[in-house]
Structure formats: C-alpha cells, structure tokens
Amino acid sequence: MLVLLPPSETKRDGGDGPPLRLDALSHPALGGVRKELVDELVELAADPAASRSALGLSAAQDAEIARNAALWTSPTMPALHRYTGVLYDALDAGSLRGAGAARARERLAVGSALFGLLRADDPVPAYRLSAGSALPSGGTLASRWKPVLEPELGAVAATDLVVDLRSGSYASLGRVPGAVTVTVLAERPDGSRSVVSHFNKAHKGRLARVLATTRAEPRDAAGVAAIARRAGMRVERKADALEIVLPA
C-alpha cells in the first residue's frame, strides 16, 4: 500500500543533508521535469516581482523567493519531515518509532508540484511552488507533469494499492488508476452533509498515520475502510471512494 499525501505550502527550514541531487531521489523517470522546474525557479528568483506574480506571493513573503534562489545549494532533509501544517501535525511522523516508523517510511509518499512524486526518505530542500502556480515559461504544471507522472503513478498502482489523499489541484498533476480516494464530510442533525474544509486536513493526517503504521495489508477500498473503522473513524464506502463522516 502507498498512501499519497498532498504537500504543504509551509515547510521546515534547514536540514542536515547535502545539497539537492536529483539522482538521489526516487522515481528517476521524473528527473527531466524536476531539473527544468528547479532551474526555472532559481532563475525566476532573480526577479522578485516576477516571482511574486508567478507564485502568488506578497512582498512580506520574499523569504520564499530566497528559498527558491538557493535550491541547488541549501541543505536537504527527508521529504516526510520537510512538510509542515495541519495534515502533517496530525500525522506526527516524528513521534513514530520502531516497526511503525519503518512501515511509514515505506508506505508514505508526497505529491509535489516541484518534484512530482517523493518517497518519505527522499532528501529535498525547502522551496515554494504550488500546483496552481503560473510560471513565465507558460502552460500549467499539470501539462508538464502529466506525460511523465501519470505513467509513473500507473506503474506504482500496478503493484500497490494507492490511497490518494491529495487535493484536487495536486491530483490533476497526475491521476492514479484505481486509487482509493477520501473525502471528509460533516453531517448535520437533519442528515444533510457538506464537505469539510477546516478540519479536512487534520482527519486525512489522522487516517494517513493509521494506514502508515498498521500491520494489515489492505488490498482494496473495503480493507482501507476496515482499518479506519478499527481506529474509531466513521467511514462509508462507495466503490473506491471513502467518506469520513463527522458530526457538524
């Protein structure tokens, strides 16, 4: 099983790993697009105004541009620990130990606008690039990633069950055939439901932790739902789509 996480806008600074080496990352078939995007972000960082426009930043966020300027020279850390925010707080990978930590490193991956697909231990620097960013070279990131990322994800899905927790913009970079998808819904007392926005990431992070550390090896959506229910979640299944239902 592979649990595919969304990235986060926020990332930890620093790291104790050597500078970025694309040949040290998993999924080498993605290397060409990775290099193009890294080079483009480094070049773009020389023009702060253009960087702000392309990346959707304000002048108060110029530190993000400085991160991009140093992509080839700044220290790295494992991808699973680079990303921060609500989902990663709920996942709390840093607290895992022993066999649970080993399973998490094997099972967790991140969908990235800059690197396409990262495994948990892939060493990456801090950066800023979102799935919806509009780089000066033109075209969407989806148009650049799909031709190489979708075959790579398809190869993964041919051997492993993929639980896709990415948001829509990141899923558009490359679809996963047969993936189990997850939506978080709030149910009101009258039975009506709506998609949860504020707590969506936290519940996906909680689910990711459960799936990453279980000794079970689910083979389909029903197996994933069973693991979530054993962890106390209310889950409903519709084919390969799971819905986590919360009280409104």
# chains A, B, ... in the order shown; residues from 1 in each chain; ligands from 1
$ residues_around --residues "Thr183 in chain A" --least-positions-apart "4" --cutoff "12 Å" --atoms "only C-alpha atoms" --output "PyMOL selection string"
chain A and resi 163-168+193-197+199-201+203-204+207+234-238+240-246
$ residues_around --residues "Asp190 in chain A" --least-positions-apart "3" --cutoff "12 Å" --atoms "only C-alpha atoms" --output "list in words"
Ala186, Glu187, Arg193, Pro247 and Ala248 of chain A
$ residues_around --residues "Thr76 in chain A" --least-positions-apart "2" --cutoff "10 Å" --atoms "only C-alpha atoms" --output "ChimeraX atom specification"
/A:13-21,71-74,78-79,82,122-126
$ residues_around --residues "range 113-117 of chain A" --least-positions-apart "3" --cutoff "8 Å" --atoms "only C-alpha atoms" --output "ChimeraX atom specification"
/A:27,30,33-34,37-38,109-110,129-131,141,145,149,170,173
$ select_by_dssp --residues "range 22-83 of chain A" --states "strand (DSSP E or B)" --output "list in words"
Thr76, Met77, Pro78 and Tyr83 of chain A
$ write_last_selection --atoms "all heavy atoms" --output "CSV table (one decimal), in the first residue's frame"
chain,number,residue,atom,x,y,z
A,76,THR,N,19.3,19.7,2.7
A,76,THR,CA,18.1,18.9,2.5
A,76,THR,C,17.7,18.2,3.8
A,76,THR,O,18.5,18.1,4.7
A,76,THR,CB,18.3,17.9,1.4
A,76,THR,OG1,19.4,17.0,1.7
A,76,THR,CG2,18.6,18.6,0.0
A,77,MET,N,16.5,17.7,3.8
A,77,MET,CA,16.0,16.8,4.8
A,77,MET,C,15.0,15.8,4.2
A,77,MET,O,14.5,16.1,3.1
A,77,MET,CB,15.5,17.5,6.0
A,77,MET,CG,14.1,18.2,5.8
A,77,MET,SD,13.4,18.8,7.3
A,77,MET,CE,14.5,20.1,7.8
A,78,PRO,N,14.7,14.7,4.8
A,78,PRO,CA,13.7,13.8,4.2
A,78,PRO,C,12.4,14.5,4.0
A,78,PRO,O,11.9,15.3,4.8
A,78,PRO,CB,13.6,12.7,5.3
A,78,PRO,CG,14.9,12.7,6.0
A,78,PRO,CD,15.3,14.2,6.0
A,83,TYR,N,7.8,18.8,5.1
A,83,TYR,CA,6.5,19.5,5.1
A,83,TYR,C,5.9,19.6,6.5
A,83,TYR,O,6.1,18.8,7.3
A,83,TYR,CB,5.5,18.7,4.2
A,83,TYR,CG,6.0,18.6,2.8
A,83,TYR,CD1,6.7,17.5,2.3
A,83,TYR,CD2,5.8,19.6,1.9
A,83,TYR,CE1,7.2,17.4,1.0
A,83,TYR,CE2,6.3,19.5,0.6
A,83,TYR,CZ,7.0,18.4,0.1
A,83,TYR,OH,7.5,18.4,-1.1
$ closest_residue --among "A:Val162, A:Ala70, A:Leu185, A:Ala54" --to "Glu217 in chain A" --atoms "only C-alpha atoms"
A:Val162
$ closest_residue --among "A:Ala158, A:Arg175, A:Ala120, A:Ala104" --to "Ala142 in chain A" --atoms "only C-alpha atoms"
A:Arg175
$ atom_distance --atom1 "CA of Asp92 in chain A" --atom2 "CA of Glu152 in chain A"
27.5 Å
$ select_by_dssp --residues "range 1-236 of chain A" --states "alpha helix (DSSP H)" --output "VMD selection string"
chain A and resid 31 to 44 48 to 55 62 to 69 79 to 82 86 to 91 98 to 107 141 to 159 168 to 171 200 to 213 221 to 230
$ residues_around --residues "Ala45 in chain A" --least-positions-apart "4" --cutoff "12 Å" --atoms "only C-alpha atoms" --output "list in words"
Val38, Asp39, Glu40, Leu41, Ala49, Ala50, Ser51, Arg52, Ser53, Ala54, Leu55, Asp62, Ala63, Glu64, Ile65, Ala66, Arg67, Asn68, Ala69, Ala70, Leu71, Tyr127, Arg128, Leu129, Leu135 and Pro136 of chain A
$ atom_distance --atom1 "CA of Ser172 in chain A" --atom2 "CA of Leu118 in chain A"
16.3 Å
$ decode --residues "range 55-68 of chain A" --atoms "all heavy atoms" --output "PDB file, in the first residue's frame"
ATOM      1  N   LEU A  55       4.160  33.003  -8.275  1.00  0.00           N
ATOM      2  CA  LEU A  55       3.950  32.108  -7.138  1.00  0.00           C
ATOM      3  C   LEU A  55       2.823  32.553  -6.224  1.00  0.00           C
ATOM      4  O   LEU A  55       2.518  31.862  -5.239  1.00  0.00           O
ATOM      5  CB  LEU A  55       5.251  31.985  -6.341  1.00  0.00           C
ATOM      6  CG  LEU A  55       6.474  31.491  -7.128  1.00  0.00           C
ATOM      7  CD1 LEU A  55       7.713  31.506  -6.249  1.00  0.00           C
ATOM      8  CD2 LEU A  55       6.245  30.106  -7.710  1.00  0.00           C
ATOM      9  N   GLY A  56       2.211  33.703  -6.535  1.00  0.00           N
ATOM     10  CA  GLY A  56       1.122  34.187  -5.699  1.00  0.00           C
ATOM     11  C   GLY A  56       1.574  34.648  -4.331  1.00  0.00           C
ATOM     12  O   GLY A  56       0.913  34.382  -3.326  1.00  0.00           O
ATOM     13  N   LEU A  57       2.691  35.358  -4.264  1.00  0.00           N
ATOM     14  CA  LEU A  57       3.270  35.796  -3.006  1.00  0.00           C
ATOM     15  C   LEU A  57       3.127  37.304  -2.838  1.00  0.00           C
ATOM     16  O   LEU A  57       3.004  38.045  -3.815  1.00  0.00           O
ATOM     17  CB  LEU A  57       4.759  35.433  -2.946  1.00  0.00           C
ATOM     18  CG  LEU A  57       5.125  33.959  -3.096  1.00  0.00           C
ATOM     19  CD1 LEU A  57       6.632  33.804  -3.166  1.00  0.00           C
ATOM     20  CD2 LEU A  57       4.551  33.150  -1.944  1.00  0.00           C
ATOM     21  N   SER A  58       3.207  37.749  -1.589  1.00  0.00           N
ATOM     22  CA  SER A  58       3.280  39.171  -1.284  1.00  0.00           C
ATOM     23  C   SER A  58       4.727  39.531  -0.972  1.00  0.00           C
ATOM     24  O   SER A  58       5.580  38.645  -0.792  1.00  0.00           O
ATOM     25  CB  SER A  58       2.396  39.510  -0.080  1.00  0.00           C
ATOM     26  OG  SER A  58       2.927  38.920   1.102  1.00  0.00           O
ATOM     27  N   ALA A  59       5.003  40.827  -0.882  1.00  0.00           N
ATOM     28  CA  ALA A  59       6.367  41.255  -0.573  1.00  0.00           C
ATOM     29  C   ALA A  59       6.806  40.748   0.793  1.00  0.00           C
ATOM     30  O   ALA A  59       8.003  40.547   1.037  1.00  0.00           O
ATOM     31  CB  ALA A  59       6.456  42.777  -0.638  1.00  0.00           C
ATOM     32  N   ALA A  60       5.842  40.523   1.692  1.00  0.00           N
ATOM     33  CA  ALA A  60       6.179  40.014   3.022  1.00  0.00           C
ATOM     34  C   ALA A  60       6.653  38.565   2.986  1.00  0.00           C
ATOM     35  O   ALA A  60       7.164  38.052   3.985  1.00  0.00           O
ATOM     36  CB  ALA A  60       4.969  40.139   3.945  1.00  0.00           C
ATOM     37  N   GLN A  61       6.482  37.915   1.837  1.00  0.00           N
ATOM     38  CA  GLN A  61       6.874  36.507   1.710  1.00  0.00           C
ATOM     39  C   GLN A  61       8.131  36.326   0.855  1.00  0.00           C
ATOM     40  O   GLN A  61       8.374  35.250   0.329  1.00  0.00           O
ATOM     41  CB  GLN A  61       5.725  35.707   1.096  1.00  0.00           C
ATOM     42  CG  GLN A  61       4.476  35.647   1.964  1.00  0.00           C
ATOM     43  CD  GLN A  61       3.323  34.987   1.253  1.00  0.00           C
ATOM     44  OE1 GLN A  61       2.767  35.517   0.286  1.00  0.00           O
ATOM     45  NE2 GLN A  61       2.953  33.797   1.719  1.00  0.00           N
ATOM     46  N   ASP A  62       8.939  37.369   0.778  1.00  0.00           N
ATOM     47  CA  ASP A  62      10.136  37.269  -0.059  1.00  0.00           C
ATOM     48  C   ASP A  62      11.124  36.214   0.436  1.00  0.00           C
ATOM     49  O   ASP A  62      12.002  35.780  -0.322  1.00  0.00           O
ATOM     50  CB  ASP A  62      10.826  38.628  -0.162  1.00  0.00           C
ATOM     51  CG  ASP A  62      10.185  39.532  -1.219  1.00  0.00           C
ATOM     52  OD1 ASP A  62       9.228  39.079  -1.885  1.00  0.00           O
ATOM     53  OD2 ASP A  62      10.631  40.682  -1.372  1.00  0.00           O
ATOM     54  N   ALA A  63      11.000  35.781   1.668  1.00  0.00           N
ATOM     55  CA  ALA A  63      11.866  34.690   2.139  1.00  0.00           C
ATOM     56  C   ALA A  63      11.620  33.421   1.338  1.00  0.00           C
ATOM     57  O   ALA A  63      12.540  32.596   1.178  1.00  0.00           O
ATOM     58  CB  ALA A  63      11.636  34.436   3.625  1.00  0.00           C
ATOM     59  N   GLU A  64      10.396  33.247   0.833  1.00  0.00           N
ATOM     60  CA  GLU A  64      10.100  32.082  -0.007  1.00  0.00           C
ATOM     61  C   GLU A  64      10.885  32.152  -1.314  1.00  0.00           C
ATOM     62  O   GLU A  64      11.332  31.135  -1.855  1.00  0.00           O
ATOM     63  CB  GLU A  64       8.600  32.011  -0.299  1.00  0.00           C
ATOM     64  CG  GLU A  64       7.712  31.923   0.932  1.00  0.00           C
ATOM     65  CD  GLU A  64       7.698  30.528   1.531  1.00  0.00           C
ATOM     66  OE1 GLU A  64       8.354  29.625   0.991  1.00  0.00           O
ATOM     67  OE2 GLU A  64       7.008  30.357   2.546  1.00  0.00           O
ATOM     68  N   ILE A  65      11.047  33.363  -1.838  1.00  0.00           N
ATOM     69  CA  ILE A  65      11.822  33.543  -3.069  1.00  0.00           C
ATOM     70  C   ILE A  65      13.292  33.222  -2.807  1.00  0.00           C
ATOM     71  O   ILE A  65      13.968  32.587  -3.641  1.00  0.00           O
ATOM     72  CB  ILE A  65      11.649  34.975  -3.595  1.00  0.00           C
ATOM     73  CG1 ILE A  65      10.170  35.249  -3.904  1.00  0.00           C
ATOM     74  CG2 ILE A  65      12.504  35.209  -4.845  1.00  0.00           C
ATOM     75  CD1 ILE A  65       9.865  36.694  -4.247  1.00  0.00           C
ATOM     76  N   ALA A  66      13.780  33.626  -1.656  1.00  0.00           N
ATOM     77  CA  ALA A  66      15.172  33.318  -1.296  1.00  0.00           C
ATOM     78  C   ALA A  66      15.390  31.812  -1.199  1.00  0.00           C
ATOM     79  O   ALA A  66      16.459  31.301  -1.575  1.00  0.00           O
ATOM     80  CB  ALA A  66      15.531  33.997   0.026  1.00  0.00           C
ATOM     81  N   ARG A  67      14.384  31.100  -0.711  1.00  0.00           N
ATOM     82  CA  ARG A  67      14.483  29.637  -0.682  1.00  0.00           C
ATOM     83  C   ARG A  67      14.670  29.085  -2.093  1.00  0.00           C
ATOM     84  O   ARG A  67      15.497  28.201  -2.321  1.00  0.00           O
ATOM     85  CB  ARG A  67      13.224  29.041  -0.067  1.00  0.00           C
ATOM     86  CG  ARG A  67      13.121  29.113   1.431  1.00  0.00           C
ATOM     87  CD  ARG A  67      11.798  28.553   1.903  1.00  0.00           C
ATOM     88  NE  ARG A  67      11.800  28.220   3.316  1.00  0.00           N
ATOM     89  CZ  ARG A  67      10.793  27.657   3.949  1.00  0.00           C
ATOM     90  NH1 ARG A  67       9.680  27.364   3.288  1.00  0.00           N
ATOM     91  NH2 ARG A  67      10.874  27.381   5.245  1.00  0.00           N
ATOM     92  N   ASN A  68      13.881  29.587  -3.025  1.00  0.00           N
ATOM     93  CA  ASN A  68      13.992  29.097  -4.404  1.00  0.00           C
ATOM     94  C   ASN A  68      15.340  29.448  -5.019  1.00  0.00           C
ATOM     95  O   ASN A  68      15.896  28.663  -5.791  1.00  0.00           O
ATOM     96  CB  ASN A  68      12.857  29.667  -5.256  1.00  0.00           C
ATOM     97  CG  ASN A  68      11.522  29.004  -4.978  1.00  0.00           C
ATOM     98  OD1 ASN A  68      11.456  28.008  -4.256  1.00  0.00           O
ATOM     99  ND2 ASN A  68      10.460  29.535  -5.529  1.00  0.00           N
TER     100      ASN A  68
END
